[in-house]
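**Student:** Take this structure first; my questions come after.
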Amino acid sequence: MLIIAVLPSILFPPKKPADRGTGGRPDSTARTAAAAPESAATPAQPSAGPPVRPSGSTPPETVWVTSPLYRLGFSTRGGALVRAELLGYRSFAKADSGRPVQLVREGEPLLVYRRIGGAGDTTLVSDWSLTPSATRVQVASEGVTTLTFSGARDGARITLEYRFLPGEYRLGVRGRMEGFGPAGSTLLLGLGDGLRSVEADSMDDFRHYAVVTKSTKTQRTDFGSVKPGERKILDGPFEWTGVKSKYFFAAALAVEDNQQRFGAAIVEGGPRTVSTSGLFGRSTVATHGAVALTVPVPPAGGFDYQLYVGPLEYRRLSQLGHDLDDANPYGGFLQPIIQPVSVLVVNILIWMHDQLKLAYGWVLVIFGILVRLLLWPLNQRAMESSIRMQAVAPLLKQIQDRYKNEPERLQREMMKLYKEHNVNPFGGCLPMLLPMPVLFALFFVFANTIEFRGVPFLWLPDLSRPDPYYIIPILMGLSMFVLSKVGQIGVPPNPQTKMMLYFMPAFLTLLFLNFASGLNLYYAVSNIFSIPQQYLIARRRLRDQGKKT
């Protein structure tokens, strides 16, 4: 299943988008087509589109909030978030030239507010020019740092307060809307059209674009599952809702007891771009998806939620609770099987990195050796069972020929033979199957875990990306060939076995060429460390054959 899923993309790699340097952002015509209509809607009609882009004649100013983790820019036009730089992560987008990751697309801010009144009246907060409490804010090393925006118009008043905590990508948001007429309204909170791509392979990044929601359980809606112009409503109430890319996440959280849950999430499909062309024809990938949340506002006019803008870092998100670590699930359609193993493997690798103070490349080498050491006894028993199986093969052939027309008698005689010679016909299967969940888990770990993003090792520039020189996958293929060759010493000649000796290493080398170099490194080390055990078993096989002759 894994081969079928990934082989087409390897044989027919994605085309590079023409606007890669700008993070895949489409032209203004496409953005206009993706924007939500400005028609009013009542609270009972959450199908009202996501907030439109801010407008107005007065040029807005940007208020910068800086901490050791980030540099956030808030606009005086509606208090929207127009810039989100993560200082601890480097952008790999070609046009960024290694600058810090910047997640907000130009002209497509986050936190765009629209109030929908009970009488159907609509207030677009991004049209308001608000006054900030400071022109520049430095987040304190202790306590809470605040930034407030306020404004008034025609007897109505809007206040937004952002609260920043040291050492966190999470911030609190409080707001109040007063004097807007009859009590009762709904706030539509816009989360933009998806995060800005900051990866070298932007097409791969776009494939991870999705909306993730948490009600009783987490649910993911890929941007690609919503057609351009189609509007999909995800029914809440939700504890949190976020938009994700491959490695980063922006989410609105209502996780405290006093915070209103989000009523619904509205997703509008955006433009596509060509992804691949090959045997299966041209396919496309979604680059945008406008997202908005409905927030019930009580008669007093106040609302309260939290915002997370940062990395999809498993440990950080798991510490926040509320299943936020599920925002980046491992395993795709194999998630129920792969997710637990992936989480275990990630925690082991991170723990080894922290405790041993070694580069992640060396951690993978040690991890590959440890896995083989743990499986050594099982492999030993499996190989011994294989030797015994070969020894009784002539007797088994006689039984099969003698009772070929008596299936039930044949089954009894075979089981009797196995018992007399202490042979388990399935003894060789378990050791072969046990490493597979770890290998599959590592495939998804290197494809989704930000801890390995941009991590170099020896000549490898990034363990999460393919080896640009193909050295590691070729070494993996050669190690697999040697392992198989040694394993066939003393085994009776078999044309099928001989064909697989050459076919499987060549095929897997081709398959793994564009896989993460960290995965190839682990697999190569695992194979190399298995060769001595195969050699010892082969020598024993030859000794046993010599005794019989």
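Letters for chains follow the order of the structure tokens (A, B, ...), residue numbers begin at 1 for each chain, and ligand numbers begin at 1 in the order shown.
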Would you kindly return, as a VMD selection string, each protein, DNA or RNA residue with an atom no farther than 10 Å from any atom of Asn328 (chain A), considering only C-alpha atoms and excluding same-chain residues fewer than 2 positions away?
**Tutor:** chain A and resid 208 212 220 244 to 249 312 to 314 317 324 to 326 330 to 331 448 to 449
**Student:** Hey, which of A:Phe223, A:Leu358, A:Leu510, A:Tyr305 ends up closest to Asp257 (chain A)? Count only C-alpha atoms.
**Tutor:**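 Using only C-alpha atoms, the shortest distance to Asp257 (chain A) belongs to A:Tyr305.
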**Student:** Using only C-alpha atoms, determine which residues lie at most 8 Å from region 258-264 of chain A, disregarding the query and same-chain residues fewer than 3 positions distant; provide the list as a PDB file with N, CA and C atoms, in the first residue's frame.
**Tutor:**
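See part-v1.pdb below for the written result:
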```
ATOM      1  N   PRO A  46     -24.697  31.143   9.452  1.00  0.00           N
ATOM      2  CA  PRO A  46     -23.242  31.175   9.515  1.00  0.00           C
ATOM      3  C   PRO A  46     -22.590  30.959   8.173  1.00  0.00           C
ATOM      4  N   ILE A 233     -19.356  24.256   5.676  1.00  0.00           N
ATOM      5  CA  ILE A 233     -19.561  24.647   7.066  1.00  0.00           C
ATOM      6  C   ILE A 233     -19.316  23.438   7.948  1.00  0.00           C
ATOM      7  N   LEU A 234     -18.391  23.573   8.881  1.00  0.00           N
ATOM      8  CA  LEU A 234     -18.090  22.528   9.850  1.00  0.00           C
ATOM      9  C   LEU A 234     -18.785  22.897  11.155  1.00  0.00           C
ATOM     10  N   ASP A 235     -19.713  22.059  11.582  1.00  0.00           N
ATOM     11  CA  ASP A 235     -20.525  22.369  12.749  1.00  0.00           C
ATOM     12  C   ASP A 235     -19.767  22.128  14.040  1.00  0.00           C
ATOM     13  N   GLY A 236     -19.875  23.084  14.966  1.00  0.00           N
ATOM     14  CA  GLY A 236     -19.255  22.974  16.264  1.00  0.00           C
ATOM     15  C   GLY A 236     -20.231  22.460  17.301  1.00  0.00           C
ATOM     16  N   PRO A 237     -20.084  22.849  18.558  1.00  0.00           N
ATOM     17  CA  PRO A 237     -19.075  23.814  19.028  1.00  0.00           C
ATOM     18  C   PRO A 237     -17.675  23.207  19.073  1.00  0.00           C
ATOM     19  N   PHE A 238     -16.658  24.077  18.895  1.00  0.00           N
ATOM     20  CA  PHE A 238     -15.272  23.648  18.856  1.00  0.00           C
ATOM     21  C   PHE A 238     -14.492  24.239  20.020  1.00  0.00           C
ATOM     22  N   GLU A 239     -13.604  23.424  20.580  1.00  0.00           N
ATOM     23  CA  GLU A 239     -12.642  23.938  21.565  1.00  0.00           C
ATOM     24  C   GLU A 239     -11.582  24.783  20.878  1.00  0.00           C
ATOM     25  N   TRP A 240     -11.169  24.336  19.699  1.00  0.00           N
ATOM     26  CA  TRP A 240     -10.179  25.102  18.941  1.00  0.00           C
ATOM     27  C   TRP A 240     -10.308  24.769  17.466  1.00  0.00           C
ATOM     28  N   ALA A 254     -10.423  28.145  22.400  1.00  0.00           N
ATOM     29  CA  ALA A 254     -11.393  28.482  23.445  1.00  0.00           C
ATOM     30  C   ALA A 254     -11.335  27.366  24.476  1.00  0.00           C
ATOM     31  N   VAL A 255     -10.224  27.287  25.162  1.00  0.00           N
ATOM     32  CA  VAL A 255      -9.933  26.119  25.997  1.00  0.00           C
ATOM     33  C   VAL A 255     -10.079  26.382  27.481  1.00  0.00           C
ATOM     34  N   LEU A 293     -14.370  31.683  11.714  1.00  0.00           N
ATOM     35  CA  LEU A 293     -15.054  31.033  12.826  1.00  0.00           C
ATOM     36  C   LEU A 293     -16.172  31.927  13.327  1.00  0.00           C
ATOM     37  N   THR A 294     -17.277  31.334  13.766  1.00  0.00           N
ATOM     38  CA  THR A 294     -18.342  32.105  14.402  1.00  0.00           C
ATOM     39  C   THR A 294     -18.144  32.064  15.911  1.00  0.00           C
ATOM     40  N   VAL A 295     -18.161  33.237  16.529  1.00  0.00           N
ATOM     41  CA  VAL A 295     -17.981  33.362  17.974  1.00  0.00           C
ATOM     42  C   VAL A 295     -19.216  34.041  18.549  1.00  0.00           C
ATOM     43  N   PRO A 296     -20.019  33.350  19.354  1.00  0.00           N
ATOM     44  CA  PRO A 296     -21.189  34.004  19.963  1.00  0.00           C
ATOM     45  C   PRO A 296     -20.739  35.133  20.891  1.00  0.00           C
ATOM     46  N   PHE A 303     -15.927  39.347  24.258  1.00  0.00           N
ATOM     47  CA  PHE A 303     -15.519  38.024  23.786  1.00  0.00           C
ATOM     48  C   PHE A 303     -14.077  37.784  24.222  1.00  0.00           C
ATOM     49  N   ASP A 304     -13.716  36.502  24.288  1.00  0.00           N
ATOM     50  CA  ASP A 304     -12.434  36.127  24.879  1.00  0.00           C
ATOM     51  C   ASP A 304     -11.978  34.810  24.252  1.00  0.00           C
ATOM     52  N   TYR A 305     -10.772  34.771  23.738  1.00  0.00           N
ATOM     53  CA  TYR A 305     -10.216  33.527  23.206  1.00  0.00           C
ATOM     54  C   TYR A 305      -8.694  33.626  23.249  1.00  0.00           C
TER      55      TYR A 305
END
```
**Student:** For region 515-519 of chain A, work out the shell of residues within 7 Å, counting only C-alpha atoms and skipping chain neighbours fewer than 3 positions away, then give it as JSON, numbers by chain.
**Tutor:** {"A": [442, 443, 446, 463, 464, 465, 466, 467, 472, 512, 522, 523]}
**Student:** Using N, CA and C atoms, can you write the selected residues to a file as a CSV table (one decimal), in the first residue's frame?
**Tutor:**
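Wrote out_2.csv, looks like this:
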```csv
chain,number,residue,atom,x,y,z
A,442,LEU,N,8.9,6.1,11.0
A,442,LEU,CA,9.9,7.0,10.6
A,442,LEU,C,9.6,7.8,9.3
A,443,PHE,N,9.0,7.1,8.4
A,443,PHE,CA,8.6,7.7,7.1
A,443,PHE,C,7.8,8.9,7.4
A,446,PHE,N,9.7,11.8,9.6
A,446,PHE,CA,10.5,12.7,8.9
A,446,PHE,C,9.7,13.6,7.9
A,463,LEU,N,18.0,16.6,7.2
A,463,LEU,CA,17.6,15.2,7.4
A,463,LEU,C,16.1,14.9,7.0
A,464,SER,N,15.3,15.9,6.9
A,464,SER,CA,13.9,15.8,6.5
A,464,SER,C,13.7,15.8,5.0
A,465,ARG,N,14.7,16.0,4.2
A,465,ARG,CA,14.6,16.1,2.8
A,465,ARG,C,15.6,15.1,2.1
A,466,PRO,N,15.4,14.8,0.8
A,466,PRO,CA,16.2,13.8,0.2
A,466,PRO,C,17.7,14.2,0.1
A,467,ASP,N,18.6,13.2,0.1
A,467,ASP,CA,20.0,13.4,-0.1
A,467,ASP,C,20.2,14.0,-1.5
A,472,ILE,N,23.2,8.3,0.4
A,472,ILE,CA,22.5,7.5,1.4
A,472,ILE,C,21.6,6.4,0.8
A,512,PHE,N,13.3,4.8,-2.6
A,512,PHE,CA,13.8,5.6,-1.5
A,512,PHE,C,14.6,6.8,-1.9
A,522,TYR,N,18.7,5.7,8.7
A,522,TYR,CA,18.3,4.7,9.7
A,522,TYR,C,18.2,3.3,9.1
A,523,TYR,N,17.6,3.2,7.9
A,523,TYR,CA,17.5,1.9,7.2
A,523,TYR,C,18.8,1.3,6.8
```
**Student:** Fewer than 3 positions away in the same chain doesn't count, so skip those; otherwise give me all residues within 7 Å of Arg136 (chain A), counting only C-alpha atoms, as a ChimeraX atom specification.
**Tutor:** /A:63-65
**Student:** Those same residues - all heavy atoms - I'd like them written as a compact mmCIF listing (two decimals), in the first residue's frame.
**Tutor:**
```txt
# COMPACT_ATOMS: atom_id res chain seq x y z
N VAL A 63 2.06 47.95 14.45
CA VAL A 63 2.62 47.92 15.80
C VAL A 63 3.34 46.59 15.98
O VAL A 63 2.74 45.52 15.83
CB VAL A 63 1.51 48.08 16.85
CG1 VAL A 63 2.12 48.03 18.26
CG2 VAL A 63 0.76 49.38 16.64
N TRP A 64 4.63 46.65 16.30
CA TRP A 64 5.45 45.45 16.40
C TRP A 64 5.54 44.98 17.84
O TRP A 64 5.79 45.76 18.75
CB TRP A 64 6.85 45.69 15.85
CG TRP A 64 6.86 45.93 14.38
CD1 TRP A 64 6.93 47.14 13.74
CD2 TRP A 64 6.76 44.94 13.36
NE1 TRP A 64 6.89 46.95 12.37
CE2 TRP A 64 6.79 45.62 12.11
CE3 TRP A 64 6.66 43.55 13.36
CZ2 TRP A 64 6.72 44.95 10.90
CZ3 TRP A 64 6.58 42.87 12.16
CH2 TRP A 64 6.62 43.57 10.94
N VAL A 65 5.32 43.67 18.02
CA VAL A 65 5.46 43.02 19.33
C VAL A 65 6.57 41.99 19.20
O VAL A 65 6.50 41.09 18.36
CB VAL A 65 4.16 42.34 19.76
CG1 VAL A 65 4.35 41.66 21.11
CG2 VAL A 65 3.02 43.36 19.82
```
**Student:** Need the shell around region 195-205 of chain A: protein/DNA/RNA residues with any atom at most 6 Å away, counting only C-alpha atoms. Skip same-chain ones fewer than 6 positions apart. Format as number ranges by chain?
**Tutor:** A: 23, 91-93, 103-105, 246
**Student:** Kindly export the residues of the current selection with N, CA, C and O atoms, as a PDB file, in the first residue's frame.
**Tutor:**
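This went into out.pdb:
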```pdb
ATOM      1  N   GLY A  23       5.879  32.268  -2.040  1.00  0.00           N
ATOM      2  CA  GLY A  23       5.150  31.321  -1.212  1.00  0.00           C
ATOM      3  C   GLY A  23       3.934  30.768  -1.900  1.00  0.00           C
ATOM      4  O   GLY A  23       3.000  30.304  -1.268  1.00  0.00           O
ATOM      5  N   SER A  91      13.413  30.394   7.040  1.00  0.00           N
ATOM      6  CA  SER A  91      12.611  30.111   5.856  1.00  0.00           C
ATOM      7  C   SER A  91      13.495  29.524   4.764  1.00  0.00           C
ATOM      8  O   SER A  91      14.613  29.982   4.527  1.00  0.00           O
ATOM      9  N   PHE A  92      12.968  28.488   4.090  1.00  0.00           N
ATOM     10  CA  PHE A  92      13.676  27.876   2.977  1.00  0.00           C
ATOM     11  C   PHE A  92      13.103  28.298   1.631  1.00  0.00           C
ATOM     12  O   PHE A  92      13.542  27.798   0.592  1.00  0.00           O
ATOM     13  N   ALA A  93      12.099  29.184   1.637  1.00  0.00           N
ATOM     14  CA  ALA A  93      11.575  29.714   0.382  1.00  0.00           C
ATOM     15  C   ALA A  93      12.670  30.517  -0.314  1.00  0.00           C
ATOM     16  O   ALA A  93      13.406  31.276   0.326  1.00  0.00           O
ATOM     17  N   LEU A 103       4.734  33.812   8.481  1.00  0.00           N
ATOM     18  CA  LEU A 103       3.605  32.941   8.179  1.00  0.00           C
ATOM     19  C   LEU A 103       2.391  33.650   7.589  1.00  0.00           C
ATOM     20  O   LEU A 103       1.511  32.980   7.043  1.00  0.00           O
ATOM     21  N   VAL A 104       2.309  34.971   7.683  1.00  0.00           N
ATOM     22  CA  VAL A 104       1.119  35.674   7.204  1.00  0.00           C
ATOM     23  C   VAL A 104       1.342  36.133   5.769  1.00  0.00           C
ATOM     24  O   VAL A 104       2.333  36.816   5.480  1.00  0.00           O
ATOM     25  N   ARG A 105       0.429  35.776   4.886  1.00  0.00           N
ATOM     26  CA  ARG A 105       0.546  36.172   3.491  1.00  0.00           C
ATOM     27  C   ARG A 105       0.318  37.675   3.331  1.00  0.00           C
ATOM     28  O   ARG A 105      -0.477  38.279   4.043  1.00  0.00           O
ATOM     29  N   LYS A 246       2.733  22.339   6.525  1.00  0.00           N
ATOM     30  CA  LYS A 246       3.457  21.116   6.853  1.00  0.00           C
ATOM     31  C   LYS A 246       4.045  21.171   8.258  1.00  0.00           C
ATOM     32  O   LYS A 246       3.984  20.185   9.000  1.00  0.00           O
TER      33      LYS A 246
END
```
**Student:** If you run DSSP on the backbone here, which positions in region 77-288 of chain A get strand (DSSP E)? Please write them as a PyMOL selection string.
**Tutor:** chain A and resi 81-90+100-102+112-117+122-124+131-132+136-138+145-153+156-164+170-178+185-190+210-214+218-222+231-238+240-244+248-253+262-269+272-276+283-286
**Student:** What is the CA of Pro299 (chain A) to CA of Glu178 (chain A) distance in Å?
**Tutor:** 9.2 Å
**Student:** Here is a test: counting only C-alpha atoms, which residue of A:Ile528, A:Ala152, A:Val139, A:Met500 is nearest to Pro166 (chain A)?
**Tutor:**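 That would be A:Val139, the residue with the smallest distance to Pro166 (chain A).
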**Student:** Select, from A:Leu69, A:Ala210, A:Leu410, A:Leu87, the residue with the minimum atom-to-atom distance to Arg170 (chain A), counting only C-alpha atoms.
**Tutor:**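 Using only C-alpha atoms, Arg170 (chain A) sits closest to A:Leu69.
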**Student:** Quick one: residues within 8 Å of Leu364 (chain A), only C-alpha atoms, excluding same-chain residues fewer than 3 positions away - as a list of chain:residue names?
**Tutor:**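 Listing them by chain and then by number gives A:Leu349, A:Tyr360, A:Gly361, A:Phe367, A:Gly368, A:Gly518, A:Leu521, A:Tyr522.
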**Student:** Could you take the residues named above and write them with N, CA, C and O atoms, as a tab-separated table (two decimals), in the first residue's frame?
**Tutor:**
```tsv
chain	number	residue	atom	x	y	z
A	349	LEU	N	13.66	9.61	20.10
A	349	LEU	CA	14.71	10.34	19.39
A	349	LEU	C	15.02	11.68	20.06
A	349	LEU	O	16.18	12.06	20.20
A	360	TYR	N	21.26	14.93	15.60
A	360	TYR	CA	20.19	13.97	15.31
A	360	TYR	C	20.66	12.88	14.35
A	360	TYR	O	20.14	11.75	14.37
A	361	GLY	N	21.64	13.16	13.50
A	361	GLY	CA	22.16	12.13	12.61
A	361	GLY	C	22.77	10.98	13.39
A	361	GLY	O	22.50	9.80	13.11
A	367	PHE	N	20.07	4.79	17.23
A	367	PHE	CA	18.71	4.23	17.30
A	367	PHE	C	18.59	3.00	16.40
A	367	PHE	O	17.98	1.99	16.78
A	368	GLY	N	19.15	3.08	15.18
A	368	GLY	CA	19.10	1.94	14.28
A	368	GLY	C	19.81	0.73	14.85
A	368	GLY	O	19.33	-0.41	14.74
A	518	GLY	N	17.11	11.15	6.44
A	518	GLY	CA	17.15	10.56	7.77
A	518	GLY	C	16.57	9.16	7.78
A	518	GLY	O	17.08	8.27	8.48
A	521	LEU	N	19.10	6.91	6.19
A	521	LEU	CA	20.22	6.70	7.12
A	521	LEU	C	19.88	5.62	8.13
A	521	LEU	O	20.68	4.70	8.38
A	522	TYR	N	18.70	5.70	8.72
A	522	TYR	CA	18.27	4.69	9.69
A	522	TYR	C	18.23	3.30	9.05
A	522	TYR	O	18.72	2.32	9.62
```
**Student:** In Å, with one decimal, what is the gap from CA of Tyr70 (chain A) to CA of Pro311 (chain A)?
**Tutor:** 11.1 Å
**Student:** As a compact mmCIF listing (two decimals) with C-alpha atoms, in the first residue's frame, please: every residue in region 119-344 of chain A that a backbone DSSP assignment puts in helix (DSSP H, G or I).
**Tutor:**
```txt
# COMPACT_ATOMS: atom_id res chain seq x y z
CA VAL A 125 -13.94 45.96 12.03
CA SER A 126 -11.09 45.99 9.52
CA ASP A 127 -12.57 49.24 8.16
CA SER A 202 6.23 24.54 -1.70
CA MET A 203 4.13 21.96 -3.59
CA ASP A 204 4.74 19.41 -0.85
CA ASP A 205 3.89 22.09 1.71
CA PHE A 206 0.57 22.85 -0.02
CA ARG A 207 -0.43 19.19 0.21
CA PHE A 223 -7.92 22.49 1.54
CA GLY A 224 -7.90 20.20 -1.48
CA SER A 225 -11.19 18.59 -0.39
CA TYR A 314 4.68 17.89 19.35
CA ARG A 315 6.06 18.45 22.87
CA ARG A 316 4.99 22.10 22.99
CA LEU A 317 1.46 21.36 21.76
CA SER A 318 1.03 18.35 24.04
CA GLN A 319 1.92 20.54 27.04
CA LEU A 320 -0.96 22.84 26.14
CA LEU A 324 -3.61 20.11 20.33
CA ASP A 325 -0.83 17.66 19.49
CA ASP A 326 -3.39 15.91 17.23
CA ALA A 327 -3.22 18.92 14.92
CA GLY A 332 -2.50 9.33 6.91
CA PHE A 333 -5.06 6.54 6.37
CA LEU A 334 -2.81 4.28 8.50
CA GLN A 335 -3.05 6.67 11.46
CA PRO A 336 -4.63 4.22 13.98
CA ILE A 337 -1.60 1.93 13.55
CA ILE A 338 1.18 4.42 12.82
CA GLN A 339 0.29 7.26 15.21
CA PRO A 340 1.17 5.48 18.51
CA VAL A 341 4.45 4.13 17.09
CA SER A 342 5.35 7.51 15.59
CA VAL A 343 4.75 9.34 18.86
CA LEU A 344 6.87 6.77 20.71
```
**Student:** Here is a test: counting only C-alpha atoms, which residue of A:Thr146, A:Pro505, A:Leu375, A:Val363 is nearest to Trp351 (chain A)?
**Tutor:**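 Of A:Thr146, A:Pro505, A:Leu375, A:Val363, the one nearest Trp351 (chain A) is A:Val363, counting only C-alpha atoms.
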